[in-house]
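Coordinates from query-v5.txt are shown below (compact mmCIF, C-alpha atoms and all ligand atoms).
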```
# COMPACT_ATOMS: atom_id res chain seq x y z
CA MET A 1 -85.70 20.44 -75.89
CA LYS A 2 -82.42 18.94 -74.71
CA LYS A 3 -79.50 21.08 -75.85
CA HIS A 4 -76.39 19.97 -77.71
CA ASN A 5 -74.04 20.65 -74.85
CA PHE A 6 -70.44 21.53 -75.76
CA SER A 7 -69.75 23.04 -72.34
CA PRO A 8 -66.14 22.64 -71.13
CA GLY A 9 -67.17 21.70 -67.58
CA PRO A 10 -69.30 21.09 -65.68
CA CYS A 11 -70.45 19.36 -68.79
CA ILE A 12 -72.77 16.92 -70.44
CA LEU A 13 -73.29 13.54 -68.78
CA PRO A 14 -75.16 10.57 -70.20
CA GLN A 15 -78.94 11.07 -70.23
CA GLN A 16 -79.44 7.76 -68.39
CA VAL A 17 -77.21 9.05 -65.61
CA PHE A 18 -79.39 12.14 -65.19
CA GLU A 19 -82.49 9.94 -65.13
CA LYS A 20 -81.14 7.42 -62.62
CA THR A 21 -79.85 10.25 -60.45
CA SER A 22 -83.19 12.04 -60.42
CA LYS A 23 -84.88 8.83 -59.21
CA ALA A 24 -82.23 8.18 -56.56
CA VAL A 25 -82.50 11.74 -55.28
CA LEU A 26 -86.17 11.08 -54.52
CA ASP A 27 -85.92 7.44 -53.45
CA TYR A 28 -82.73 5.41 -53.57
CA ASN A 29 -83.44 1.84 -54.73
CA GLY A 30 -86.88 1.88 -53.12
CA ILE A 31 -85.56 2.19 -49.55
CA GLY A 32 -87.74 5.21 -48.84
CA LEU A 33 -84.78 7.57 -48.52
CA SER A 34 -82.96 9.91 -50.85
CA VAL A 35 -79.37 9.01 -51.73
CA MET A 36 -78.55 12.41 -50.22
CA GLU A 37 -79.98 11.66 -46.80
CA ILE A 38 -78.45 8.26 -46.06
CA SER A 39 -75.40 7.96 -43.85
CA HIS A 40 -72.12 7.69 -45.67
CA ARG A 41 -71.44 4.80 -43.26
CA SER A 42 -74.57 2.96 -44.40
CA LYS A 43 -74.14 -0.26 -46.35
CA GLU A 44 -75.85 1.43 -49.31
CA PHE A 45 -73.29 4.20 -49.55
CA ILE A 46 -70.27 2.01 -48.79
CA GLU A 47 -71.39 -0.10 -51.74
CA ILE A 48 -71.59 2.99 -53.98
CA MET A 49 -68.13 4.17 -52.95
CA GLU A 50 -66.54 0.74 -53.37
CA ASN A 51 -68.23 0.25 -56.72
CA ALA A 52 -67.01 3.64 -57.95
CA ARG A 53 -63.44 2.98 -56.78
CA THR A 54 -63.37 -0.47 -58.35
CA LEU A 55 -64.87 0.68 -61.65
CA ALA A 56 -62.31 3.48 -61.94
CA LEU A 57 -59.41 1.03 -61.55
CA GLU A 58 -61.09 -1.51 -63.83
CA HIS A 59 -61.52 0.98 -66.67
CA LEU A 60 -57.87 2.01 -66.38
CA GLY A 61 -56.67 -1.61 -66.28
CA LEU A 62 -55.07 -1.03 -62.89
CA GLU A 63 -56.70 -3.68 -60.73
CA ASN A 64 -54.28 -5.80 -58.70
CA LYS A 65 -51.34 -3.69 -59.79
CA GLY A 66 -50.66 -1.84 -56.55
CA TYR A 67 -53.04 1.04 -57.27
CA LYS A 68 -55.97 2.42 -55.29
CA ALA A 69 -58.62 4.96 -56.23
CA LEU A 70 -59.88 7.79 -54.03
CA PHE A 71 -62.74 10.24 -54.44
CA LEU A 72 -61.61 13.45 -52.77
CA GLN A 73 -62.80 17.04 -52.61
CA GLY A 74 -61.18 20.35 -53.48
CA GLY A 75 -61.10 19.84 -57.23
CA ALA A 76 -58.10 19.16 -59.41
CA SER A 77 -56.76 22.45 -58.04
CA MET A 78 -56.35 20.83 -54.61
CA GLN A 79 -54.31 18.06 -56.24
CA PHE A 80 -51.81 20.64 -57.52
CA LEU A 81 -50.71 21.10 -53.93
CA MET A 82 -51.58 17.69 -52.52
CA ALA A 83 -49.36 15.92 -55.04
CA SER A 84 -46.37 18.05 -54.06
CA TYR A 85 -47.17 17.90 -50.36
CA ASN A 86 -47.03 14.10 -50.50
CA LEU A 87 -44.32 13.53 -53.09
CA LEU A 88 -41.94 16.49 -53.32
CA GLU A 89 -38.94 16.09 -51.03
CA LYS A 90 -36.27 18.08 -52.93
CA LYS A 91 -37.13 18.72 -56.55
CA ALA A 92 -39.68 17.82 -59.17
CA ALA A 93 -39.88 18.21 -62.95
CA TYR A 94 -42.88 19.85 -64.62
CA LEU A 95 -43.92 20.08 -68.24
CA ASN A 96 -45.72 23.40 -68.70
CA THR A 97 -48.37 23.10 -71.40
CA GLY A 98 -51.03 25.54 -70.27
CA THR A 99 -52.92 27.44 -67.61
CA TRP A 100 -53.52 24.38 -65.45
CA SER A 101 -49.90 23.20 -65.66
CA SER A 102 -48.76 26.69 -64.70
CA LYS A 103 -50.99 26.62 -61.65
CA ALA A 104 -49.61 23.21 -60.69
CA VAL A 105 -46.05 24.60 -60.96
CA LYS A 106 -46.97 27.54 -58.73
CA GLU A 107 -48.22 25.27 -55.96
CA ALA A 108 -45.29 22.85 -56.22
CA LYS A 109 -42.83 25.72 -55.68
CA LEU A 110 -44.18 26.03 -52.13
CA PHE A 111 -42.73 22.61 -51.36
CA GLY A 112 -39.39 22.39 -53.15
CA GLU A 113 -37.41 23.09 -56.29
CA VAL A 114 -39.34 22.93 -59.53
CA ILE A 115 -37.56 22.28 -62.81
CA GLU A 116 -39.68 23.30 -65.78
CA VAL A 117 -38.32 20.81 -68.31
CA ALA A 118 -40.13 22.58 -71.14
CA SER A 119 -42.85 25.16 -71.67
CA SER A 120 -44.89 26.33 -74.64
CA LYS A 121 -45.85 29.55 -72.85
CA ASP A 122 -43.96 31.73 -75.37
CA ALA A 123 -46.28 30.45 -78.10
CA ASN A 124 -49.42 30.95 -76.00
CA PHE A 125 -49.42 27.19 -75.33
CA ASN A 126 -50.36 26.30 -78.90
CA TYR A 127 -48.26 23.14 -78.96
CA ILE A 128 -46.88 20.37 -76.75
CA PRO A 129 -43.09 20.53 -76.33
CA LYS A 130 -41.46 17.25 -77.29
CA ASP A 131 -37.72 17.63 -76.97
CA TYR A 132 -36.89 17.70 -73.31
CA THR A 133 -35.19 15.49 -70.82
CA ILE A 134 -36.35 14.61 -67.37
CA PRO A 135 -33.49 14.65 -64.86
CA PRO A 136 -33.18 11.19 -63.29
CA ASP A 137 -32.82 12.59 -59.77
CA VAL A 138 -36.20 14.33 -59.42
CA ASP A 139 -38.89 13.03 -57.07
CA TYR A 140 -41.47 12.93 -59.87
CA PHE A 141 -42.42 14.30 -63.26
CA HIS A 142 -45.73 16.17 -63.63
CA CYS A 143 -47.68 16.67 -66.84
CA THR A 144 -51.18 17.62 -67.99
CA SER A 145 -52.55 15.09 -70.47
CA ASN A 146 -55.10 17.43 -72.03
CA ASN A 147 -55.07 21.21 -72.03
CA THR A 148 -58.73 22.07 -71.76
CA ILE A 149 -58.34 25.78 -72.46
CA PHE A 150 -56.00 25.68 -75.48
CA GLY A 151 -57.22 22.41 -76.97
CA THR A 152 -53.95 20.50 -77.06
CA GLN A 153 -53.29 16.94 -75.94
CA LEU A 154 -50.20 14.95 -75.01
CA LYS A 155 -50.09 12.12 -77.53
CA THR A 156 -47.12 10.23 -76.16
CA LEU A 157 -45.71 9.85 -72.72
CA PRO A 158 -42.08 10.62 -72.01
CA GLN A 159 -39.77 7.80 -71.02
CA THR A 160 -38.64 8.10 -67.45
CA ASP A 161 -38.00 5.98 -64.40
CA VAL A 162 -39.29 8.58 -61.93
CA PRO A 163 -42.96 8.48 -60.91
CA VAL A 164 -45.19 10.22 -63.45
CA VAL A 165 -47.93 12.42 -61.98
CA CYS A 166 -50.63 13.41 -64.43
CA ASP A 167 -53.55 15.82 -64.40
CA MET A 168 -56.06 14.00 -66.61
CA SER A 169 -59.05 16.16 -65.69
CA SER A 170 -60.29 16.71 -69.21
CA ASP A 171 -59.47 13.44 -70.98
CA ILE A 172 -59.63 10.67 -68.39
CA PHE A 173 -61.55 7.62 -69.66
CA SER A 174 -61.54 9.07 -73.20
CA ARG A 175 -58.61 7.15 -74.70
CA ASN A 176 -56.40 4.21 -73.98
CA LEU A 177 -52.96 4.75 -72.54
CA ASP A 178 -50.72 2.41 -70.60
CA PHE A 179 -51.98 3.71 -67.27
CA SER A 180 -49.51 1.53 -65.37
CA LYS A 181 -46.83 4.01 -66.48
CA PHE A 182 -48.29 6.54 -64.03
CA GLY A 183 -47.60 6.84 -60.33
CA LEU A 184 -50.45 9.28 -59.70
CA ILE A 185 -53.40 10.26 -61.84
CA TYR A 186 -55.92 12.88 -60.82
CA ALA A 187 -59.00 14.29 -62.47
CA GLY A 188 -61.72 16.68 -61.39
CA ALA A 189 -64.94 14.75 -62.07
CA GLN A 190 -66.78 17.55 -63.85
CA LYS A 191 -64.99 17.26 -67.20
CA ASN A 192 -65.59 13.68 -68.21
CA MET A 193 -66.77 11.62 -65.28
CA GLY A 194 -69.45 13.26 -63.19
CA PRO A 195 -70.65 16.46 -61.58
CA SER A 196 -68.36 18.92 -59.85
CA GLY A 197 -67.63 18.24 -56.20
CA THR A 198 -65.30 15.29 -56.35
CA THR A 199 -61.90 14.49 -57.78
CA LEU A 200 -60.69 11.07 -58.74
CA VAL A 201 -57.19 10.28 -57.51
CA VAL A 202 -55.56 7.05 -58.62
CA ILE A 203 -52.38 6.32 -56.78
CA LYS A 204 -49.68 3.68 -56.89
CA GLU A 205 -49.20 3.05 -53.21
CA ASP A 206 -45.47 2.41 -53.35
CA ILE A 207 -44.69 6.00 -54.38
CA LEU A 208 -45.87 7.28 -50.98
CA GLY A 209 -44.00 7.62 -47.70
CA LYS A 210 -40.86 9.19 -49.18
CA VAL A 211 -41.12 12.75 -47.89
CA SER A 212 -39.90 13.79 -44.47
CA ARG A 213 -42.38 16.58 -43.73
CA SER A 214 -45.49 15.98 -41.69
CA ILE A 215 -48.67 16.23 -43.68
CA PRO A 216 -52.03 17.50 -42.36
CA SER A 217 -54.49 14.60 -42.28
CA MET A 218 -56.90 15.95 -44.88
CA LEU A 219 -54.03 16.45 -47.34
CA ASP A 220 -52.37 13.11 -46.70
CA TYR A 221 -53.08 10.47 -49.35
CA LYS A 222 -52.16 7.75 -46.89
CA VAL A 223 -54.83 8.87 -44.43
CA HIS A 224 -57.48 8.74 -47.15
CA LEU A 225 -56.23 5.35 -48.39
CA ASP A 226 -56.27 3.87 -44.90
CA LYS A 227 -59.89 4.97 -44.52
CA ASP A 228 -61.01 3.70 -47.94
CA SER A 229 -61.77 7.24 -49.13
CA MET A 230 -64.02 7.83 -46.11
CA PHE A 231 -61.75 9.74 -43.73
CA ASN A 232 -64.44 12.39 -43.53
CA THR A 233 -67.88 12.69 -45.12
CA PRO A 234 -67.37 12.18 -48.85
CA PRO A 235 -69.39 14.15 -51.42
CA VAL A 236 -72.01 11.40 -51.60
CA LEU A 237 -74.06 12.66 -54.52
CA ALA A 238 -71.03 13.48 -56.67
CA VAL A 239 -69.56 10.03 -56.01
CA TYR A 240 -72.89 8.38 -56.80
CA VAL A 241 -73.26 10.22 -60.12
CA SER A 242 -69.63 9.43 -61.00
CA MET A 243 -70.33 5.75 -60.26
CA LEU A 244 -73.34 5.80 -62.59
CA THR A 245 -71.22 7.37 -65.33
CA LEU A 246 -68.54 4.71 -64.88
CA GLU A 247 -71.26 2.02 -65.12
CA TRP A 248 -72.53 3.65 -68.31
CA LEU A 249 -68.99 3.63 -69.69
CA LYS A 250 -68.76 -0.09 -68.99
CA GLU A 251 -72.06 -0.76 -70.78
CA LYS A 252 -70.74 1.19 -73.76
CA GLY A 253 -67.69 -1.05 -74.02
CA GLY A 254 -65.22 0.88 -71.88
CA ILE A 255 -62.42 3.21 -72.88
CA SER A 256 -61.56 1.44 -76.16
CA ALA A 257 -65.10 1.75 -77.50
CA MET A 258 -65.29 5.35 -76.29
CA GLU A 259 -61.97 6.22 -77.93
CA LYS A 260 -63.33 5.17 -81.33
CA ILE A 261 -66.42 7.35 -80.94
CA ASN A 262 -64.30 10.26 -79.70
CA GLU A 263 -62.03 9.93 -82.74
CA ALA A 264 -65.06 9.98 -85.03
CA LYS A 265 -66.44 13.09 -83.34
CA ALA A 266 -63.11 14.92 -83.42
CA GLY A 267 -62.47 13.82 -87.01
CA LEU A 268 -65.81 15.19 -88.11
CA LEU A 269 -65.31 18.60 -86.51
CA TYR A 270 -61.62 19.13 -87.35
CA THR A 271 -62.23 18.12 -90.97
CA GLU A 272 -64.87 20.85 -91.18
CA ILE A 273 -62.69 23.45 -89.45
CA ASP A 274 -59.94 22.75 -92.00
CA ARG A 275 -62.26 22.58 -95.01
CA ASN A 276 -64.58 25.51 -94.33
CA PRO A 277 -62.98 28.82 -95.41
CA LEU A 278 -65.05 30.66 -92.80
CA PHE A 279 -63.23 28.88 -89.96
CA LYS A 280 -59.71 28.23 -88.77
CA GLY A 281 -58.10 26.29 -85.99
CA PHE A 282 -56.45 29.26 -84.28
CA VAL A 283 -54.69 27.87 -81.23
CA ALA A 284 -53.61 24.26 -81.26
CA GLN A 285 -51.04 23.09 -83.81
CA LYS A 286 -52.40 20.26 -85.91
CA GLY A 287 -50.39 17.36 -84.54
CA ASP A 288 -51.24 18.30 -80.96
CA ARG A 289 -54.97 18.87 -81.35
CA SER A 290 -57.19 17.53 -78.60
CA PRO A 291 -60.14 15.30 -79.48
CA MET A 292 -61.81 16.53 -76.28
CA ASN A 293 -61.61 20.32 -76.70
CA ALA A 294 -61.43 21.79 -80.19
CA THR A 295 -60.51 25.48 -80.33
CA PHE A 296 -61.39 27.38 -83.50
CA ASN A 297 -62.35 30.82 -84.72
CA LEU A 298 -63.95 32.65 -87.61
CA THR A 299 -61.75 33.90 -90.42
CA ASP A 300 -64.17 36.79 -90.89
CA GLU A 301 -65.13 38.45 -87.61
CA SER A 302 -67.96 40.36 -89.28
CA VAL A 303 -70.13 37.23 -89.36
CA LYS A 304 -69.69 36.57 -85.64
CA GLU A 305 -73.06 37.91 -84.55
CA LYS A 306 -74.83 35.91 -87.23
CA PHE A 307 -72.94 32.70 -86.49
CA ASP A 308 -73.59 33.06 -82.76
CA THR A 309 -77.30 33.41 -83.41
CA MET A 310 -77.26 30.39 -85.72
CA TRP A 311 -75.64 27.94 -83.32
CA LYS A 312 -77.79 29.10 -80.43
CA GLU A 313 -80.91 28.64 -82.54
CA ALA A 314 -79.73 25.13 -83.42
CA GLY A 315 -79.85 24.27 -79.70
CA ILE A 316 -76.10 24.37 -79.13
CA ASN A 317 -74.78 25.38 -75.70
CA GLY A 318 -71.34 26.21 -74.35
CA LEU A 319 -69.43 27.00 -77.54
CA ASN A 320 -67.64 30.16 -76.45
CA GLY A 321 -63.88 29.90 -76.03
CA HIS A 322 -62.22 30.34 -72.65
CA ARG A 323 -62.11 34.01 -71.66
CA SER A 324 -58.30 33.98 -71.84
CA VAL A 325 -58.26 32.68 -75.42
CA GLY A 326 -61.44 33.86 -77.13
CA GLY A 327 -62.93 32.35 -80.26
CA TYR A 328 -64.83 29.11 -79.94
CA ARG A 329 -64.23 25.87 -78.14
CA ALA A 330 -66.21 22.72 -78.72
CA SER A 331 -65.80 20.32 -75.81
CA MET A 332 -66.65 16.82 -76.97
CA TYR A 333 -66.53 14.72 -73.83
CA ASN A 334 -67.56 11.06 -73.71
CA ALA A 335 -71.26 11.70 -73.18
CA LEU A 336 -71.61 14.06 -76.15
CA PRO A 337 -73.20 12.12 -79.03
CA LEU A 338 -71.85 12.21 -82.58
CA GLU A 339 -75.19 13.73 -83.65
CA SER A 340 -74.45 16.86 -81.65
CA VAL A 341 -71.17 17.33 -83.52
CA GLN A 342 -73.07 16.82 -86.78
CA VAL A 343 -75.47 19.60 -85.77
CA LEU A 344 -72.51 21.94 -85.20
CA VAL A 345 -70.93 20.99 -88.52
CA ASP A 346 -74.26 21.59 -90.29
CA VAL A 347 -74.45 25.07 -88.74
CA MET A 348 -70.87 25.81 -89.84
CA GLN A 349 -71.77 24.79 -93.40
CA GLU A 350 -74.94 26.85 -93.31
CA ALA A 351 -72.88 29.83 -92.10
CA GLU A 352 -70.52 29.34 -95.05
CA ARG A 353 -73.39 29.21 -97.57
CA THR A 354 -75.06 32.34 -96.22
CA ALA A 355 -71.96 34.41 -95.41
C1 LIG A 401 -60.74 22.18 -65.07
C2 LIG A 401 -59.36 21.74 -64.90
C3 LIG A 401 -58.68 21.89 -63.68
C4 LIG A 401 -59.29 22.56 -62.48
O1 LIG A 401 -60.24 21.75 -61.92
P1 LIG A 401 -61.01 22.17 -60.59
O2 LIG A 401 -61.76 20.91 -60.30
O3 LIG A 401 -61.89 23.32 -60.94
O4 LIG A 401 -60.03 22.51 -59.55
C5 LIG A 401 -57.39 21.40 -63.59
N1 LIG A 401 -56.80 20.81 -64.62
C6 LIG A 401 -57.40 20.67 -65.82
C7 LIG A 401 -56.68 19.99 -66.94
C8 LIG A 401 -58.71 21.12 -66.00
O5 LIG A 401 -59.32 20.97 -67.17
```
What is this file in C-alpha cells?
Ligand SMILES: *Cc1c(COP(=O)(O)O)cnc(C)c1O
Amino acid sequence: MKKHNFSPGPCILPQQVFEKTSKAVLDYNGIGLSVMEISHRSKEFIEIMENARTLALEHLGLENKGYKALFLQGGASMQFLMASYNLLEKKAAYLNTGTWSSKAVKEAKLFGEVIEVASSKDANFNYIPKDYTIPPDVDYFHCTSNNTIFGTQLKTLPQTDVPVVCDMSSDIFSRNLDFSKFGLIYAGAQKNMGPSGTTLVVIKEDILGKVSRSIPSMLDYKVHLDKDSMFNTPPVLAVYVSMLTLEWLKEKGGISAMEKINEAKAGLLYTEIDRNPLFKGFVAQKGDRSPMNATFNLTDESVKEKFDTMWKEAGINGLNGHRSVGGYRASMYNALPLESVQVLVDVMQEAERTA
C-alpha cells in the first residue's frame, strides 16, 4: 500500500511522475533506450533540459524578464558558497532564520564581510524577525523563504534596492510571490520539485559580473549560463523527473492552484494542532507558521509510544521532527494530497479519544 508520505526531503512526488519515470527508465518515448543511457547532447535530452528550464521560469512568471534557469549539482548547500563567490565583492546582508541560513552565513564569510541584519537564534529560530534594515551599500541581501527544520516561513519580503538572494528549497512553487523582486533564487530539487541530485538556480543575468575575483568554471554562474546548463554532464535523471513534476504542476493549474490546496492542507492540520489538547505547536510562532513544514509535539509525553504506533499503522511515513528539534514535523509539499493530511488528523483525534 502506498504510504502517506510526510517526509521532509527527499519527499513525495506526484504518483504520475513516478509512473512516467519508471517507463522512461526502461524505454524513453519508445526509442529503445533508457533515459539514463542517452547522451546529454542528444536531441532528446536537450529537449528535456530546455523544457525544464522554460517551465521553471514560466511557473515563476519570469519569462522574458532577464532571468535564466539552471539545473546544477551540489545541492542547495553548494549555492551557499556559489552565491557569495559570484556576488560578494565587499559585504552582504543576511537574515538568519534557521540552520540553513546559518550555514549560508558561514560560507559567505569566506568571501567578504557579512552583516547579520537580524537573527532569531536566541529563540531557537521560532519566529521570523521583522524589524531590521538592510544597509543600502551591500552587494546583496540573502534570506531563506521557508525554514524546513523549524517550520517557519517568511510571509513578506523586505523592501530593498539591492539584489535579493533567496534559498527557496522547501517552498518553491508552493505559493505566489512577486518573483521579479529576486535577483537569485535557488532550491534543492528534493523538497518540492524532484529527486535529490539537482538544484534549480534562477538568476537575473544583470546581477552578475560585478565581482573582481576569478571564479573556478564549475562555480561560475556565467559559465553555466553560457552553456545552457550543460557545461558538464548534467544529472539527467534528476532533471527529467523535475521536468515531469513541473509539467504536472502546470496540469494542476500552476502555483496559484497549488497555493490554495496547500492552504487547505495547512489549515486542516494547524486547526487540529490548536484544537486537540493532546498536541501543541511547539516551535513556530503562530503568525510565522509554514504551510510546508508543520512542527508540533505531544502535550503528554507518556502517550508517545502509543501515538507513534498509531500513525505508523495508519500508513504514515516521515513524521519525526528534525533531530535538532525533536517532536513531530509534517511536511506537506505540493504532491502530498489533502487526504493524507486528513488521515493524520484522524489519527490525532483517535489518539485524543483513547489517551
Ligand atoms: C534541505 C535544505 C537545504 C540543503 O539542501 P541540500 O540540497 O541537501 O544541500 C538548504 N536549504 C533549505 C531551506 C533546505 O530545506
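Between atom CA of Ala238 of chain A and atom CA of Thr198 of chain A the separation is 6.0 Å.
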Surrounding residues as a ChimeraX atom specification, ligand LIG 401 (chain A), max 9 Å, only C-alpha atoms and all ligand atoms: /A:8-10,73-80,98-101,103-104,144-149,167-171,186-191,196-199
Requested write-out: C-alpha atoms of the selected residues, as a PDB file, in the coordinates of the input:
```pdb
ATOM      1  CA  PRO A   8     -66.140  22.640 -71.130  1.00  0.00           C
ATOM      2  CA  GLY A   9     -67.170  21.700 -67.580  1.00  0.00           C
ATOM      3  CA  PRO A  10     -69.300  21.090 -65.680  1.00  0.00           C
ATOM      4  CA  GLN A  73     -62.800  17.040 -52.610  1.00  0.00           C
ATOM      5  CA  GLY A  74     -61.180  20.350 -53.480  1.00  0.00           C
ATOM      6  CA  GLY A  75     -61.100  19.840 -57.230  1.00  0.00           C
ATOM      7  CA  ALA A  76     -58.100  19.160 -59.410  1.00  0.00           C
ATOM      8  CA  SER A  77     -56.760  22.450 -58.040  1.00  0.00           C
ATOM      9  CA  MET A  78     -56.350  20.830 -54.610  1.00  0.00           C
ATOM     10  CA  GLN A  79     -54.310  18.060 -56.240  1.00  0.00           C
ATOM     11  CA  PHE A  80     -51.810  20.640 -57.520  1.00  0.00           C
ATOM     12  CA  GLY A  98     -51.030  25.540 -70.270  1.00  0.00           C
ATOM     13  CA  THR A  99     -52.920  27.440 -67.610  1.00  0.00           C
ATOM     14  CA  TRP A 100     -53.520  24.380 -65.450  1.00  0.00           C
ATOM     15  CA  SER A 101     -49.900  23.200 -65.660  1.00  0.00           C
ATOM     16  CA  LYS A 103     -50.990  26.620 -61.650  1.00  0.00           C
ATOM     17  CA  ALA A 104     -49.610  23.210 -60.690  1.00  0.00           C
ATOM     18  CA  THR A 144     -51.180  17.620 -67.990  1.00  0.00           C
ATOM     19  CA  SER A 145     -52.550  15.090 -70.470  1.00  0.00           C
ATOM     20  CA  ASN A 146     -55.100  17.430 -72.030  1.00  0.00           C
ATOM     21  CA  ASN A 147     -55.070  21.210 -72.030  1.00  0.00           C
ATOM     22  CA  THR A 148     -58.730  22.070 -71.760  1.00  0.00           C
ATOM     23  CA  ILE A 149     -58.340  25.780 -72.460  1.00  0.00           C
ATOM     24  CA  ASP A 167     -53.550  15.820 -64.400  1.00  0.00           C
ATOM     25  CA  MET A 168     -56.060  14.000 -66.610  1.00  0.00           C
ATOM     26  CA  SER A 169     -59.050  16.160 -65.690  1.00  0.00           C
ATOM     27  CA  SER A 170     -60.290  16.710 -69.210  1.00  0.00           C
ATOM     28  CA  ASP A 171     -59.470  13.440 -70.980  1.00  0.00           C
ATOM     29  CA  TYR A 186     -55.920  12.880 -60.820  1.00  0.00           C
ATOM     30  CA  ALA A 187     -59.000  14.290 -62.470  1.00  0.00           C
ATOM     31  CA  GLY A 188     -61.720  16.680 -61.390  1.00  0.00           C
ATOM     32  CA  ALA A 189     -64.940  14.750 -62.070  1.00  0.00           C
ATOM     33  CA  GLN A 190     -66.780  17.550 -63.850  1.00  0.00           C
ATOM     34  CA  LYS A 191     -64.990  17.260 -67.200  1.00  0.00           C
ATOM     35  CA  SER A 196     -68.360  18.920 -59.850  1.00  0.00           C
ATOM     36  CA  GLY A 197     -67.630  18.240 -56.200  1.00  0.00           C
ATOM     37  CA  THR A 198     -65.300  15.290 -56.350  1.00  0.00           C
ATOM     38  CA  THR A 199     -61.900  14.490 -57.780  1.00  0.00           C
TER      39      THR A 199
END
```
Considering all atoms listed in the file, give me a table of residues in segment 184-223 of chain A that are at most 10 Å from segment 46-56 of chain A, with the closest atom pair and distance in Å for each, as CSV.
```
residue,atom,partner,partner_atom,distance
A:Met193,CA,A:Ala56,CA,9.9
A:Leu200,CA,A:Ala56,CA,8.4
A:Val201,CA,A:Ala56,CA,9.6
A:Val202,CA,A:Ala56,CA,8.3
```
Considering all atoms listed in the file, state which residue in the set A:Ala284, A:Ile316, A:Ile273, A:Ile185 is at the smallest distance from Thr299 of chain A.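 Ranking A:Ala284, A:Ile316, A:Ile273, A:Ile185 by distance to Thr299 of chain A, first place goes to A:Ile273.
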Show which residues sit within 8 Å of Pro14 of chain A, as a PDB file with C-alpha atoms, in the frame of the given file. Count all atoms listed in the file, and ignore same-chain residues fewer than 4 positions away.
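So around.pdb came out as:
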```pdb
ATOM      1  CA  PHE A  18     -79.390  12.140 -65.190  1.00  0.00           C
ATOM      2  CA  THR A 245     -71.220   7.370 -65.330  1.00  0.00           C
ATOM      3  CA  TRP A 248     -72.530   3.650 -68.310  1.00  0.00           C
ATOM      4  CA  ALA A 335     -71.260  11.700 -73.180  1.00  0.00           C
ATOM      5  CA  LEU A 336     -71.610  14.060 -76.150  1.00  0.00           C
TER       6      LEU A 336
END
```
Which one of A:Lys204, A:His40, A:Lys306, A:Lys3 sits closest to Lys68 of chain A if you count all atoms listed in the file? A:Lys204
Got a minute to add all heavy atoms to segment 328-332 of chain A and dump it as a compact mmCIF listing (two decimals), keeping the file's coordinate frame?
```
# COMPACT_ATOMS: atom_id res chain seq x y z
N TYR A 328 -63.88 30.15 -80.32
CA TYR A 328 -64.83 29.11 -79.94
C TYR A 328 -64.09 27.88 -79.43
O TYR A 328 -62.92 27.65 -79.77
CB TYR A 328 -65.70 28.72 -81.15
CG TYR A 328 -66.48 29.90 -81.67
CD1 TYR A 328 -66.03 30.63 -82.76
CD2 TYR A 328 -67.65 30.29 -81.03
CE1 TYR A 328 -66.74 31.74 -83.21
CE2 TYR A 328 -68.36 31.40 -81.47
CZ TYR A 328 -67.90 32.12 -82.55
OH TYR A 328 -68.59 33.22 -82.99
N ARG A 329 -64.78 27.12 -78.63
CA ARG A 329 -64.23 25.87 -78.14
C ARG A 329 -65.37 24.87 -78.05
O ARG A 329 -66.34 25.09 -77.34
CB ARG A 329 -63.57 26.04 -76.77
CG ARG A 329 -63.19 24.72 -76.12
CD ARG A 329 -62.42 24.92 -74.84
NE ARG A 329 -63.09 25.80 -73.90
CZ ARG A 329 -62.72 25.94 -72.62
NH1 ARG A 329 -61.68 25.27 -72.15
NH2 ARG A 329 -63.38 26.74 -71.82
N ALA A 330 -65.22 23.79 -78.79
CA ALA A 330 -66.21 22.72 -78.72
C ALA A 330 -65.64 21.61 -77.85
O ALA A 330 -64.66 20.97 -78.21
CB ALA A 330 -66.51 22.19 -80.13
N SER A 331 -66.25 21.40 -76.68
CA SER A 331 -65.80 20.32 -75.81
C SER A 331 -66.64 19.09 -76.10
O SER A 331 -67.86 19.12 -76.01
CB SER A 331 -65.91 20.74 -74.35
OG SER A 331 -65.05 21.85 -74.12
N MET A 332 -65.95 18.03 -76.50
CA MET A 332 -66.65 16.82 -76.97
C MET A 332 -66.34 15.65 -76.05
O MET A 332 -65.70 14.68 -76.43
CB MET A 332 -66.22 16.52 -78.41
CG MET A 332 -66.56 17.64 -79.38
SD MET A 332 -65.92 17.36 -81.04
CE MET A 332 -64.21 17.85 -80.83
```
